[in-house]
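**Q** If you scroll down you'll find the structure; I have some questions about it.
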Amino acid sequence: MRFQHKLGFFCILILVSPLFTSSQEHVKGVSNRKEQIHKQMSRKLLFEVKLHGFLLWASMGFLMPVGLLAIRMSHRVHCRRRLRILFYVHALSEILSLLLSTAGAVMSFRNFNNSFNNKHQRLGVGLYGLIWLQALIGIVRPQRDSRGRRMWFLVHWILGTALSVLGVLNIYTGLVAYHEKTSKGIKFWIIVFTAEVCFITFFYLFQEKWDYIQKKGVTLGNESKRATINQVVLPRDKQKEVALAETC
């Protein structure tokens with residue numbers, strides 16, 4: 001009897017084992033499909049994150065500082081043609097910066113998990129609002145001789161400078177957030193972006209001293225010319241005085 005029971009139990013195991021193996025294979029297949037979908041989604045999300053970073057770098061890390069430099073250079077230009085060129089460079093760069101930052105904002109709101117639990121997301125939301133406010137202030141520019149022109153210029157200049165500084169800062173926080181989510185190295189990109197920021201800052205500050213350097217060069221040139229004229233003229237005067245003394 002015991003042998004018959006064991007034989008029956010063994011036969012039942014043989015009959016049921018294919019069901020267990022098929023169910024395990026089904027579970028493995030479902031898990032593999034989920035892993036493939038997760039990999040595809042992660043690749044897509046990684047591409048969107050990189051595109052978002054590029055758009056915001058081009059907007060606030062490049063075009064906005066270029067527009068700021070262009071309008072800064074126009075303050076020392078007296079030629080009308082060059083003034084128009086610099087103004088159009090300023091306007092076009094700021095318009096493109098606005099469009100690219102808007103595209104980056106739409107991407108972040110549609111595709112990313114915006115829990116606003118880090119500095120990058122919070123600062124980004126504030127920048128999106130400020131850049132549109134700056135564009136509206138630029139559109140309602142008063143006439144050159146009007147009363148509100150000076151106040152408008154002050155507000156527009158302060159807000160534009162603050163946007164550039166905060167935009168650069170948010171690019172750094174974005175790189176840190178990218179490293180925390182993907183565990184990829186960002187040292188190279190931090191070095192490259194820091195070099196760009198240093199170059200733009202140097203060029204911005206150099207314009208302050210350019211007029212002084214030019215004026216100093218002109219005055220030094222005039223003084224050297226006067227010195228050479230005096231060196232040439234004084235011997236002739238002395239020769240005339242010696243000739244007059246001999247005739248007397």
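Residue numbering restarts at 1 for every chain of the structure tokens, chains are lettered A, B, ... in their displayed order, and ligands are numbered from 1 as they appear.
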Dump as JSON lines the rows for residues of segment 92-145 of chain A within 12 Å of segment 154-166 of chain A: closest atom pair and distance in Å with one decimal, only C-alpha atoms counted, ordered by chain and rising residue number.

**A**
```
{"residue": "A:Glu94", "atom": "CA", "partner": "A:Gly160", "partner_atom": "CA", "distance": 9.9}
{"residue": "A:Ser97", "atom": "CA", "partner": "A:Ser164", "partner_atom": "CA", "distance": 10.9}
{"residue": "A:Leu98", "atom": "CA", "partner": "A:Leu163", "partner_atom": "CA", "distance": 11.6}
{"residue": "A:Lys119", "atom": "CA", "partner": "A:Leu166", "partner_atom": "CA", "distance": 11.7}
{"residue": "A:His120", "atom": "CA", "partner": "A:Leu166", "partner_atom": "CA", "distance": 10.6}
{"residue": "A:Arg122", "atom": "CA", "partner": "A:Leu166", "partner_atom": "CA", "distance": 11.8}
{"residue": "A:Leu123", "atom": "CA", "partner": "A:Leu166", "partner_atom": "CA", "distance": 8.0}
{"residue": "A:Gly124", "atom": "CA", "partner": "A:Leu166", "partner_atom": "CA", "distance": 9.1}
{"residue": "A:Val125", "atom": "CA", "partner": "A:Leu166", "partner_atom": "CA", "distance": 11.6}
{"residue": "A:Gly126", "atom": "CA", "partner": "A:Leu166", "partner_atom": "CA", "distance": 9.6}
{"residue": "A:Leu127", "atom": "CA", "partner": "A:Leu163", "partner_atom": "CA", "distance": 7.0}
{"residue": "A:Tyr128", "atom": "CA", "partner": "A:Leu163", "partner_atom": "CA", "distance": 9.8}
{"residue": "A:Gly129", "atom": "CA", "partner": "A:Leu163", "partner_atom": "CA", "distance": 10.5}
{"residue": "A:Leu130", "atom": "CA", "partner": "A:Leu163", "partner_atom": "CA", "distance": 7.3}
{"residue": "A:Ile131", "atom": "CA", "partner": "A:Leu163", "partner_atom": "CA", "distance": 7.1}
{"residue": "A:Trp132", "atom": "CA", "partner": "A:Leu163", "partner_atom": "CA", "distance": 10.8}
{"residue": "A:Leu133", "atom": "CA", "partner": "A:Leu159", "partner_atom": "CA", "distance": 9.0}
{"residue": "A:Gln134", "atom": "CA", "partner": "A:Leu159", "partner_atom": "CA", "distance": 6.8}
{"residue": "A:Ala135", "atom": "CA", "partner": "A:His156", "partner_atom": "CA", "distance": 9.3}
{"residue": "A:Leu136", "atom": "CA", "partner": "A:His156", "partner_atom": "CA", "distance": 10.0}
{"residue": "A:Ile137", "atom": "CA", "partner": "A:His156", "partner_atom": "CA", "distance": 6.7}
{"residue": "A:Gly138", "atom": "CA", "partner": "A:His156", "partner_atom": "CA", "distance": 7.1}
{"residue": "A:Ile139", "atom": "CA", "partner": "A:His156", "partner_atom": "CA", "distance": 10.7}
{"residue": "A:Val140", "atom": "CA", "partner": "A:His156", "partner_atom": "CA", "distance": 10.7}
{"residue": "A:Arg141", "atom": "CA", "partner": "A:His156", "partner_atom": "CA", "distance": 9.3}
{"residue": "A:Pro142", "atom": "CA", "partner": "A:His156", "partner_atom": "CA", "distance": 11.7}
```

**Q** Using only N, CA, C and O atoms, please write the residues we just selected to a file, as a CSV table (one decimal), in the first residue's frame.

**A**
```csv
chain,number,residue,atom,x,y,z
A,94,GLU,N,17.6,87.6,-26.8
A,94,GLU,CA,16.7,87.5,-25.7
A,94,GLU,C,15.4,86.8,-26.1
A,94,GLU,O,14.8,86.1,-25.4
A,97,SER,N,16.2,83.2,-26.4
A,97,SER,CA,16.3,82.7,-25.0
A,97,SER,C,15.0,82.4,-24.4
A,97,SER,O,14.8,81.4,-23.7
A,98,LEU,N,14.0,83.3,-24.6
A,98,LEU,CA,12.7,83.2,-24.1
A,98,LEU,C,12.0,81.9,-24.7
A,98,LEU,O,11.4,81.1,-24.0
A,119,LYS,N,16.4,72.2,-5.1
A,119,LYS,CA,16.6,73.6,-5.5
A,119,LYS,C,16.4,73.8,-7.0
A,119,LYS,O,16.0,74.9,-7.4
A,120,HIS,N,16.8,72.9,-7.8
A,120,HIS,CA,16.8,73.1,-9.2
A,120,HIS,C,15.4,73.3,-9.7
A,120,HIS,O,15.1,74.2,-10.5
A,122,ARG,N,12.7,74.3,-7.9
A,122,ARG,CA,12.1,75.5,-7.3
A,122,ARG,C,12.7,76.7,-8.0
A,122,ARG,O,11.9,77.6,-8.4
A,123,LEU,N,14.0,76.8,-8.2
A,123,LEU,CA,14.6,77.9,-8.9
A,123,LEU,C,14.1,78.0,-10.3
A,123,LEU,O,14.0,79.1,-10.9
A,124,GLY,N,14.0,76.9,-11.0
A,124,GLY,CA,13.5,76.9,-12.4
A,124,GLY,C,12.2,77.5,-12.5
A,124,GLY,O,11.9,78.2,-13.5
A,125,VAL,N,11.2,77.1,-11.6
A,125,VAL,CA,9.9,77.7,-11.7
A,125,VAL,C,9.9,79.2,-11.6
A,125,VAL,O,9.3,80.0,-12.3
A,126,GLY,N,10.7,79.7,-10.6
A,126,GLY,CA,10.9,81.2,-10.5
A,126,GLY,C,11.5,81.8,-11.7
A,126,GLY,O,11.0,82.9,-12.1
A,127,LEU,N,12.5,81.2,-12.3
A,127,LEU,CA,13.1,81.7,-13.5
A,127,LEU,C,12.1,81.8,-14.7
A,127,LEU,O,12.2,82.7,-15.5
A,128,TYR,N,11.3,80.8,-14.9
A,128,TYR,CA,10.3,80.8,-15.9
A,128,TYR,C,9.4,82.0,-15.9
A,128,TYR,O,9.0,82.6,-16.9
A,129,GLY,N,9.0,82.3,-14.6
A,129,GLY,CA,8.1,83.5,-14.5
A,129,GLY,C,8.8,84.8,-14.7
A,129,GLY,O,8.3,85.7,-15.3
A,130,LEU,N,10.1,84.9,-14.2
A,130,LEU,CA,10.8,86.1,-14.3
A,130,LEU,C,11.2,86.4,-15.8
A,130,LEU,O,11.3,87.6,-16.2
A,131,ILE,N,11.5,85.4,-16.5
A,131,ILE,CA,12.0,85.6,-17.9
A,131,ILE,C,10.8,86.2,-18.8
A,131,ILE,O,11.0,87.0,-19.6
A,132,TRP,N,9.6,85.7,-18.5
A,132,TRP,CA,8.4,86.3,-19.2
A,132,TRP,C,8.1,87.7,-18.7
A,132,TRP,O,7.7,88.6,-19.5
A,133,LEU,N,8.3,88.0,-17.4
A,133,LEU,CA,8.2,89.3,-16.9
A,133,LEU,C,9.2,90.3,-17.5
A,133,LEU,O,8.8,91.4,-17.9
A,134,GLN,N,10.4,89.8,-17.7
A,134,GLN,CA,11.4,90.6,-18.3
A,134,GLN,C,11.1,90.9,-19.8
A,134,GLN,O,11.3,92.0,-20.3
A,135,ALA,N,10.5,89.9,-20.5
A,135,ALA,CA,10.1,90.1,-21.9
A,135,ALA,C,9.0,91.2,-22.0
A,135,ALA,O,9.0,92.1,-22.8
A,136,LEU,N,8.0,91.1,-21.0
A,136,LEU,CA,6.9,92.1,-21.1
A,136,LEU,C,7.5,93.5,-20.7
A,136,LEU,O,7.0,94.5,-21.3
A,137,ILE,N,8.4,93.6,-19.8
A,137,ILE,CA,9.0,94.9,-19.5
A,137,ILE,C,9.8,95.5,-20.7
A,137,ILE,O,9.7,96.7,-21.0
A,138,GLY,N,10.4,94.6,-21.5
A,138,GLY,CA,11.1,95.0,-22.7
A,138,GLY,C,10.2,95.5,-23.7
A,138,GLY,O,10.5,96.4,-24.5
A,139,ILE,N,9.0,94.9,-23.8
A,139,ILE,CA,8.0,95.3,-24.8
A,139,ILE,C,7.5,96.7,-24.5
A,139,ILE,O,7.3,97.5,-25.5
A,140,VAL,N,7.2,97.0,-23.3
A,140,VAL,CA,6.6,98.3,-22.9
A,140,VAL,C,7.6,99.4,-22.6
A,140,VAL,O,7.5,100.2,-21.7
A,141,ARG,N,8.7,99.4,-23.4
A,141,ARG,CA,9.7,100.3,-23.2
A,141,ARG,C,9.2,101.7,-23.5
A,141,ARG,O,8.7,102.0,-24.6
A,142,PRO,N,9.4,102.7,-22.6
A,142,PRO,CA,9.0,104.1,-22.9
A,142,PRO,C,9.9,104.8,-23.8
A,142,PRO,O,11.0,104.3,-24.1
```

**Q** Find the residues near Cys198 of chain A: any atom within 12 Å, counting only C-alpha atoms, skip ones fewer than 6 places away on the same chain, and give them as number ranges by chain.

**A** A: 61, 65, 168, 191-192, 204-206

**Q** Pull N, CA, C and O atoms from the residues just selected and write them as a compact mmCIF listing (two decimals), in the first residue's frame.

**A**
```txt
# COMPACT_ATOMS: atom_id res chain seq x y z
N GLY A 61 22.37 80.07 -20.32
CA GLY A 61 23.81 79.99 -20.19
C GLY A 61 24.58 80.57 -21.34
O GLY A 61 25.80 80.76 -21.24
N PRO A 65 23.36 85.81 -21.68
CA PRO A 65 24.58 86.61 -21.47
C PRO A 65 25.05 87.33 -22.73
O PRO A 65 25.58 88.44 -22.64
N VAL A 168 22.61 80.99 -14.55
CA VAL A 168 23.89 80.27 -14.45
C VAL A 168 23.91 79.37 -13.23
O VAL A 168 24.35 78.22 -13.28
N ILE A 191 33.60 71.92 -15.63
CA ILE A 191 34.82 72.65 -16.00
C ILE A 191 34.58 73.49 -17.24
O ILE A 191 34.95 74.67 -17.31
N VAL A 192 33.93 72.90 -18.25
CA VAL A 192 33.66 73.63 -19.50
C VAL A 192 32.75 74.82 -19.26
O VAL A 192 33.00 75.94 -19.74
N TYR A 204 32.81 91.06 -19.89
CA TYR A 204 31.87 92.06 -19.37
C TYR A 204 32.61 93.12 -18.55
O TYR A 204 32.37 94.33 -18.71
N LEU A 205 33.52 92.69 -17.69
CA LEU A 205 34.27 93.64 -16.87
C LEU A 205 35.32 94.39 -17.67
O LEU A 205 35.66 95.54 -17.34
N PHE A 206 35.83 93.77 -18.72
CA PHE A 206 36.85 94.42 -19.54
C PHE A 206 36.30 95.64 -20.27
O PHE A 206 37.04 96.61 -20.53
```

**Q** When you look at Val89 of chain A with a cut-off of 10 Å (counting only C-alpha atoms), what residues show up, excluding the ones that are within fewer than 5 positions of it in the same chain? I need them as number ranges by chain.

**A** A: 63, 66-71, 83-84, 94-95

**Q** Keeping only all heavy atoms, write the selected residues to a file as a short mmCIF file (atom, residue, chain, number, x, y, z; two decimals), in the first residue's frame.

**A**
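Saved result, out18.cif, follows:
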```cif
data_model
loop_
_atom_site.label_atom_id
_atom_site.label_comp_id
_atom_site.auth_asym_id
_atom_site.auth_seq_id
_atom_site.Cartn_x
_atom_site.Cartn_y
_atom_site.Cartn_z
N LEU A 63 22.63 82.47 -24.65
CA LEU A 63 21.95 83.55 -25.37
C LEU A 63 21.68 84.75 -24.48
O LEU A 63 21.86 85.90 -24.90
CB LEU A 63 20.64 83.04 -25.96
CG LEU A 63 20.78 82.10 -27.15
CD1 LEU A 63 19.44 81.48 -27.51
CD2 LEU A 63 21.36 82.83 -28.36
N VAL A 66 24.86 86.73 -23.90
CA VAL A 66 25.24 87.40 -25.16
C VAL A 66 24.41 88.67 -25.35
O VAL A 66 24.94 89.72 -25.73
CB VAL A 66 25.07 86.44 -26.35
CG1 VAL A 66 25.13 87.19 -27.67
CG2 VAL A 66 26.16 85.38 -26.33
N GLY A 67 23.11 88.58 -25.09
CA GLY A 67 22.26 89.77 -25.18
C GLY A 67 22.66 90.83 -24.18
O GLY A 67 22.63 92.03 -24.48
N LEU A 68 23.04 90.40 -23.00
CA LEU A 68 23.50 91.36 -21.97
C LEU A 68 24.79 92.05 -22.40
O LEU A 68 24.94 93.26 -22.23
CB LEU A 68 23.69 90.62 -20.66
CG LEU A 68 23.89 91.47 -19.40
CD1 LEU A 68 22.63 92.26 -19.11
CD2 LEU A 68 24.23 90.59 -18.22
N LEU A 69 25.72 91.30 -22.98
CA LEU A 69 26.97 91.89 -23.45
C LEU A 69 26.73 92.85 -24.61
O LEU A 69 27.37 93.90 -24.71
CB LEU A 69 27.93 90.79 -23.89
CG LEU A 69 28.57 89.94 -22.78
CD1 LEU A 69 29.36 88.81 -23.39
CD2 LEU A 69 29.45 90.81 -21.91
N ALA A 70 25.80 92.49 -25.51
CA ALA A 70 25.53 93.34 -26.67
C ALA A 70 24.98 94.69 -26.25
O ALA A 70 25.42 95.74 -26.74
CB ALA A 70 24.55 92.63 -27.61
N ILE A 71 24.03 94.70 -25.33
CA ILE A 71 23.46 95.98 -24.90
C ILE A 71 24.45 96.76 -24.05
O ILE A 71 24.42 97.99 -24.01
CB ILE A 71 22.13 95.75 -24.14
CG1 ILE A 71 21.24 96.99 -24.22
CG2 ILE A 71 22.36 95.34 -22.71
CD1 ILE A 71 20.74 97.32 -25.59
N LEU A 83 24.97 100.86 -33.42
CA LEU A 83 23.96 100.82 -32.36
C LEU A 83 22.78 99.94 -32.75
O LEU A 83 22.28 99.15 -31.93
CB LEU A 83 23.48 102.24 -32.05
CG LEU A 83 24.34 103.07 -31.11
CD1 LEU A 83 23.84 104.50 -31.05
CD2 LEU A 83 24.36 102.47 -29.71
N ARG A 84 22.32 100.06 -34.00
CA ARG A 84 21.22 99.23 -34.46
C ARG A 84 21.59 97.75 -34.46
O ARG A 84 20.81 96.89 -34.03
CB ARG A 84 20.80 99.65 -35.87
CG ARG A 84 20.05 100.97 -35.91
CD ARG A 84 19.66 101.30 -37.34
NE ARG A 84 18.96 102.57 -37.43
CZ ARG A 84 18.56 103.12 -38.58
NH1 ARG A 84 18.80 102.50 -39.72
NH2 ARG A 84 17.93 104.28 -38.56
N GLU A 94 17.60 87.64 -26.83
CA GLU A 94 16.66 87.52 -25.71
C GLU A 94 15.36 86.83 -26.14
O GLU A 94 14.78 86.07 -25.36
CB GLU A 94 16.36 88.90 -25.13
CG GLU A 94 17.56 89.62 -24.55
CD GLU A 94 18.27 88.84 -23.48
OE1 GLU A 94 17.60 88.13 -22.71
OE2 GLU A 94 19.50 88.91 -23.41
N ILE A 95 14.92 87.07 -27.36
CA ILE A 95 13.71 86.39 -27.86
C ILE A 95 13.95 84.90 -27.99
O ILE A 95 13.13 84.06 -27.57
CB ILE A 95 13.26 87.00 -29.20
CG1 ILE A 95 12.72 88.42 -28.99
CG2 ILE A 95 12.19 86.14 -29.87
CD1 ILE A 95 12.47 89.18 -30.26
#
```

**Q** Give me the residues near segment 108-116 of chain A as a list in words, where near means some atom within 9 Å (using only C-alpha atoms) and where sequence neighbours in that chain fewer than 5 positions away do not count.

**A**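 After dropping sequence-adjacent residues, the list is Leu45, Glu48, Val49, His52, Ala103, Gln121 and Arg122 of chain A.
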
**Q** Filtering to N, CA and C atoms, could you give me those residues as a PDB file, in the first residue's frame?

**A**
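Final output, saved to part.pdb:
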```
ATOM      1  N   LEU A  45      13.678  58.801 -21.222  1.00  0.00           N
ATOM      2  CA  LEU A  45      13.730  59.828 -20.188  1.00  0.00           C
ATOM      3  C   LEU A  45      15.114  60.471 -20.117  1.00  0.00           C
ATOM      4  N   GLU A  48      15.394  62.933 -22.898  1.00  0.00           N
ATOM      5  CA  GLU A  48      14.610  64.140 -22.610  1.00  0.00           C
ATOM      6  C   GLU A  48      15.304  65.017 -21.566  1.00  0.00           C
ATOM      7  N   VAL A  49      15.933  64.384 -20.586  1.00  0.00           N
ATOM      8  CA  VAL A  49      16.674  65.156 -19.576  1.00  0.00           C
ATOM      9  C   VAL A  49      17.840  65.893 -20.221  1.00  0.00           C
ATOM     10  N   HIS A  52      16.479  68.742 -22.315  1.00  0.00           N
ATOM     11  CA  HIS A  52      16.051  69.812 -21.405  1.00  0.00           C
ATOM     12  C   HIS A  52      17.260  70.625 -20.927  1.00  0.00           C
ATOM     13  N   ALA A 103      10.301  76.212 -24.122  1.00  0.00           N
ATOM     14  CA  ALA A 103      10.293  74.820 -24.577  1.00  0.00           C
ATOM     15  C   ALA A 103      10.823  73.883 -23.488  1.00  0.00           C
ATOM     16  N   GLN A 121      14.453  72.521  -9.272  1.00  0.00           N
ATOM     17  CA  GLN A 121      13.072  72.676  -9.723  1.00  0.00           C
ATOM     18  C   GLN A 121      12.435  73.957  -9.185  1.00  0.00           C
ATOM     19  N   ARG A 122      12.697  74.268  -7.932  1.00  0.00           N
ATOM     20  CA  ARG A 122      12.107  75.491  -7.349  1.00  0.00           C
ATOM     21  C   ARG A 122      12.652  76.736  -8.041  1.00  0.00           C
TER      22      ARG A 122
END
```

**Q** DSSP on the backbone, then: every residue of segment 98-220 of chain A marked alpha helix (DSSP H), written as JSON, numbers by chain.

**A** {"A": [98, 99, 100, 101, 102, 103, 104, 105, 106, 107, 108, 109, 110, 111, 119, 120, 121, 122, 123, 124, 125, 126, 127, 128, 129, 130, 131, 132, 133, 134, 135, 136, 137, 138, 139, 149, 150, 151, 152, 153, 154, 155, 156, 157, 158, 159, 160, 161, 162, 163, 164, 165, 166, 167, 168, 169, 170, 171, 172, 173, 174, 175, 176, 177, 178, 179, 180, 181, 182, 187, 188, 189, 190, 191, 192, 193, 194, 195, 196, 197, 198, 199, 200, 201, 202, 203, 204, 205, 206, 207, 208, 209, 210, 211, 212, 213, 214, 215, 216, 217, 218, 219, 220]}

**Q** Suppose you want the space between atom CA of Phe153 of chain A and atom CA of Arg76 of chain A; what is it in Å?

**A**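 Spanning atom CA of Phe153 of chain A to atom CA of Arg76 of chain A is a straight-line distance of 16.3 Å.
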
**Q** If you count only C-alpha atoms, which residues fall within 9 Å of Ala58 of chain A, apart from same-chain ones fewer than 4 positions away, as a VMD selection string?

**A** chain A and resid 53 to 54 62 to 64 97 100 to 101
